[in-house]
>>> print(open('query36.tsv').read())   # TSV, C-alpha atoms
chain	number	residue	atom	x	y	z
A	1	MET	CA	187.93	182.71	19.89
A	2	GLU	CA	186.51	181.64	23.24
A	3	LYS	CA	182.87	180.58	23.30
A	4	GLN	CA	180.70	183.17	25.06
A	5	ILE	CA	178.60	181.63	27.82
A	6	ASN	CA	175.80	183.63	29.38
A	7	LEU	CA	174.85	182.63	32.92
A	8	SER	CA	171.55	183.20	34.71
A	9	ASP	CA	171.54	184.71	38.22
A	10	SER	CA	171.07	181.22	39.68
A	11	GLU	CA	173.91	179.82	37.61
A	12	TRP	CA	176.18	182.62	38.85
A	13	LYS	CA	175.45	181.57	42.45
A	14	LEU	CA	176.49	178.00	41.74
A	15	MET	CA	179.52	178.99	39.66
A	16	ASN	CA	180.76	181.36	42.37
A	17	ARG	CA	180.82	178.42	44.80
A	18	LEU	CA	182.74	176.28	42.30
A	19	TRP	CA	185.24	179.04	41.52
A	20	ALA	CA	185.83	179.56	45.24
A	21	ARG	CA	186.59	175.92	46.06
A	22	PRO	CA	186.86	173.46	43.17
A	23	PRO	CA	186.20	170.59	42.89
A	24	MET	CA	182.91	170.05	44.67
A	25	THR	CA	180.43	167.19	44.78
A	26	ILE	CA	176.68	167.55	44.41
A	27	MET	CA	176.26	167.13	48.16
A	28	GLU	CA	178.92	169.76	48.92
A	29	LEU	CA	177.31	172.22	46.51
A	30	THR	CA	173.86	171.55	47.94
A	31	ALA	CA	175.11	172.19	51.48
A	32	ALA	CA	177.04	175.32	50.43
A	33	LEU	CA	174.04	176.80	48.59
A	34	ARG	CA	171.25	175.71	50.95
A	35	GLU	CA	171.25	178.73	53.27
A	36	ASP	CA	171.44	181.29	50.46
A	37	THR	CA	169.08	179.60	48.00
A	38	GLY	CA	167.13	176.84	49.73
A	39	TRP	CA	167.88	174.57	46.76
A	40	SER	CA	167.39	170.84	47.07
A	41	LYS	CA	169.81	168.23	45.77
A	42	ASN	CA	167.59	167.78	42.69
A	43	THR	CA	167.75	171.51	41.92
A	44	VAL	CA	171.54	171.47	42.15
A	45	ILE	CA	171.65	168.43	39.83
A	46	THR	CA	169.43	170.26	37.31
A	47	MET	CA	171.61	173.38	37.50
A	48	LEU	CA	174.79	171.33	37.02
A	49	SER	CA	173.27	169.60	33.99
A	50	ARG	CA	172.43	172.97	32.42
A	51	LEU	CA	175.90	174.30	33.14
A	52	GLU	CA	177.52	171.17	31.67
A	53	ALA	CA	175.42	171.58	28.51
A	54	LYS	CA	176.59	175.19	28.25
A	55	GLY	CA	180.21	174.13	28.69
A	56	ALA	CA	180.61	176.08	31.95
A	57	VAL	CA	181.13	173.02	34.18
A	58	ARG	CA	182.88	169.70	33.76
A	59	CYS	CA	182.92	166.67	35.99
A	60	GLN	CA	184.97	163.58	36.64
A	61	GLN	CA	184.28	160.55	38.74
A	62	GLY	CA	185.91	160.83	42.14
A	63	VAL	CA	186.46	158.12	44.74
A	64	ARG	CA	182.90	158.29	46.08
A	65	ALA	CA	181.08	160.83	43.93
A	66	LYS	CA	181.40	162.94	40.83
A	67	GLN	CA	183.64	165.96	41.26
A	68	TYR	CA	182.53	169.16	39.51
A	69	PHE	CA	184.95	171.78	38.26
A	70	PRO	CA	184.44	175.15	36.55
A	71	ALA	CA	185.22	174.79	32.83
A	72	ILE	CA	185.36	178.56	32.29
A	73	GLU	CA	187.27	181.26	34.13
A	74	ARG	CA	185.40	183.74	36.28
A	75	GLN	CA	187.00	186.65	34.38
A	76	ALA	CA	185.82	185.31	31.01
A	77	ALA	CA	182.28	184.83	32.34
A	78	ALA	CA	182.27	188.32	33.86
A	79	ARG	CA	183.52	189.84	30.59
A	80	ALA	CA	180.79	188.05	28.60
A	81	GLU	CA	178.14	189.15	31.11
A	82	THR	CA	179.36	192.75	30.99
A	83	GLU	CA	179.32	192.83	27.18
A	84	SER	CA	175.85	191.27	27.10
A	85	PHE	CA	174.53	193.76	29.68
A	86	LEU	CA	176.11	196.72	27.94
A	87	GLY	CA	174.58	195.65	24.64
A	88	ARG	CA	171.11	194.97	26.04
A	89	VAL	CA	170.73	197.97	28.31
A	90	TYR	CA	172.92	200.69	26.81
A	91	GLY	CA	173.10	199.72	23.14
A	92	GLY	CA	176.80	198.98	23.53
A	93	SER	CA	177.66	202.51	24.73
A	94	LEU	CA	180.12	202.48	27.61
A	95	GLY	CA	179.84	206.26	27.87
A	96	LEU	CA	176.06	206.09	28.28
A	97	MET	CA	176.44	203.49	31.03
A	98	MET	CA	179.04	205.57	32.90
A	99	SER	CA	176.87	208.66	32.58
A	100	ALA	CA	173.88	206.79	34.03
A	101	MET	CA	175.98	205.48	36.93
A	102	VAL	CA	177.36	208.92	37.76
A	103	GLU	CA	173.89	210.47	37.64
A	104	SER	CA	172.30	207.78	39.78
A	105	ARG	CA	174.87	207.44	42.56
A	106	GLY	CA	177.87	209.61	41.84
A	107	LEU	CA	181.43	208.43	41.95
A	108	THR	CA	183.58	208.29	45.06
A	109	GLU	CA	187.23	209.36	44.98
A	110	SER	CA	188.08	205.66	45.11
A	111	ASP	CA	185.86	204.95	42.06
A	112	ILE	CA	187.50	207.78	40.12
A	113	ALA	CA	191.01	206.58	41.04
A	114	GLU	CA	190.14	203.03	39.97
A	115	LEU	CA	188.69	204.21	36.65
A	116	SER	CA	191.72	206.44	36.04
A	117	ALA	CA	194.06	203.50	36.62
A	118	ILE	CA	192.05	201.34	34.21
A	119	LEU	CA	192.12	204.05	31.53
A	120	GLU	CA	195.85	204.61	32.01
A	121	GLN	CA	196.48	200.89	31.63
A	122	ALA	CA	194.40	200.90	28.43
A	123	GLY	CA	196.46	203.77	27.08
A	124	GLY	CA	193.86	206.50	27.54
A	125	ASN	CA	194.69	209.97	28.75
A	126	THR	CA	193.01	210.70	32.09
A	127	GLN	CA	194.29	214.27	32.49
>>> encode(input="query36.tsv", output="structure tokens")
Amino acid sequence: MEKQINLSDSEWKLMNRLWARPPMTIMELTAALREDTGWSKNTVITMLSRLEAKGAVRCQQGVRAKQYFPAIERQAAARAETESFLGRVYGGSLGLMMSAMVESRGLTESDIAELSAILEQAGGNTQ
């Protein structure tokens, strides 16, 4: 079974950059994140250390600098985050979450079509 890794909001920002264009150096990550976050090089180094300890990032020595790669897939991280959120906020009830979403913002025809396709793929009856 795959190890479940929970990411903080800040870690998601860094991981999204790595998933978009791996590998990246510390300087490349700092430049890519600067406008959105204002993080310094030292902050990026700290974040990378945390992510390495969690097993979300790996690095190897490049020609001039360490190259950082995602060690987990975006889909696996998103699945873990979704399960964690569902458990924390809705006690694990997918129905309760969907009900809250429909009540708060309603569903567009596009949302309904997407959900129907997902349920069909899972073997559910959407009729």
>>> residues_around(input="query36.tsv", residues="A:Thr46", least_positions_apart="5", cutoff="12 Å", atoms="all atoms listed in the file", output="ChimeraX atom specification")
/A:10-11,14,26,30,39-41,51-53
>>> write_last_selection(input="query36.tsv", atoms="C-alpha atoms", output="short mmCIF file (atom, residue, chain, number, x, y, z; two decimals), in the frame of the given file")
data_model
loop_
_atom_site.label_atom_id
_atom_site.label_comp_id
_atom_site.auth_asym_id
_atom_site.auth_seq_id
_atom_site.Cartn_x
_atom_site.Cartn_y
_atom_site.Cartn_z
CA SER A 10 171.07 181.22 39.68
CA GLU A 11 173.91 179.82 37.61
CA LEU A 14 176.49 178.00 41.74
CA ILE A 26 176.68 167.55 44.41
CA THR A 30 173.86 171.55 47.94
CA TRP A 39 167.88 174.57 46.76
CA SER A 40 167.39 170.84 47.07
CA LYS A 41 169.81 168.23 45.77
CA LEU A 51 175.90 174.30 33.14
CA GLU A 52 177.52 171.17 31.67
CA ALA A 53 175.42 171.58 28.51
#
>>> closest_residue(input="query36.tsv", among="A:Arg74, A:Arg105, A:Arg79, A:Lys13", to="A:Arg34", atoms="only C-alpha atoms")
A:Lys13
>>> closest_residue(input="query36.tsv", among="A:Leu96, A:Met15, A:Val102, A:Leu86", to="A:Ala56", atoms="all atoms listed in the file")
A:Met15
>>> atom_distance(input="query36.tsv", atom1="atom CA of A:Ala80", atom2="atom CA of A:Ser8")
12.1 Å
>>> atom_distance(input="query36.tsv", atom1="atom CA of A:Ser93", atom2="atom CA of A:Glu109")
23.4 Å
>>> atom_distance(input="query36.tsv", atom1="atom CA of A:Gly91", atom2="atom CA of A:Ala76")
20.8 Å
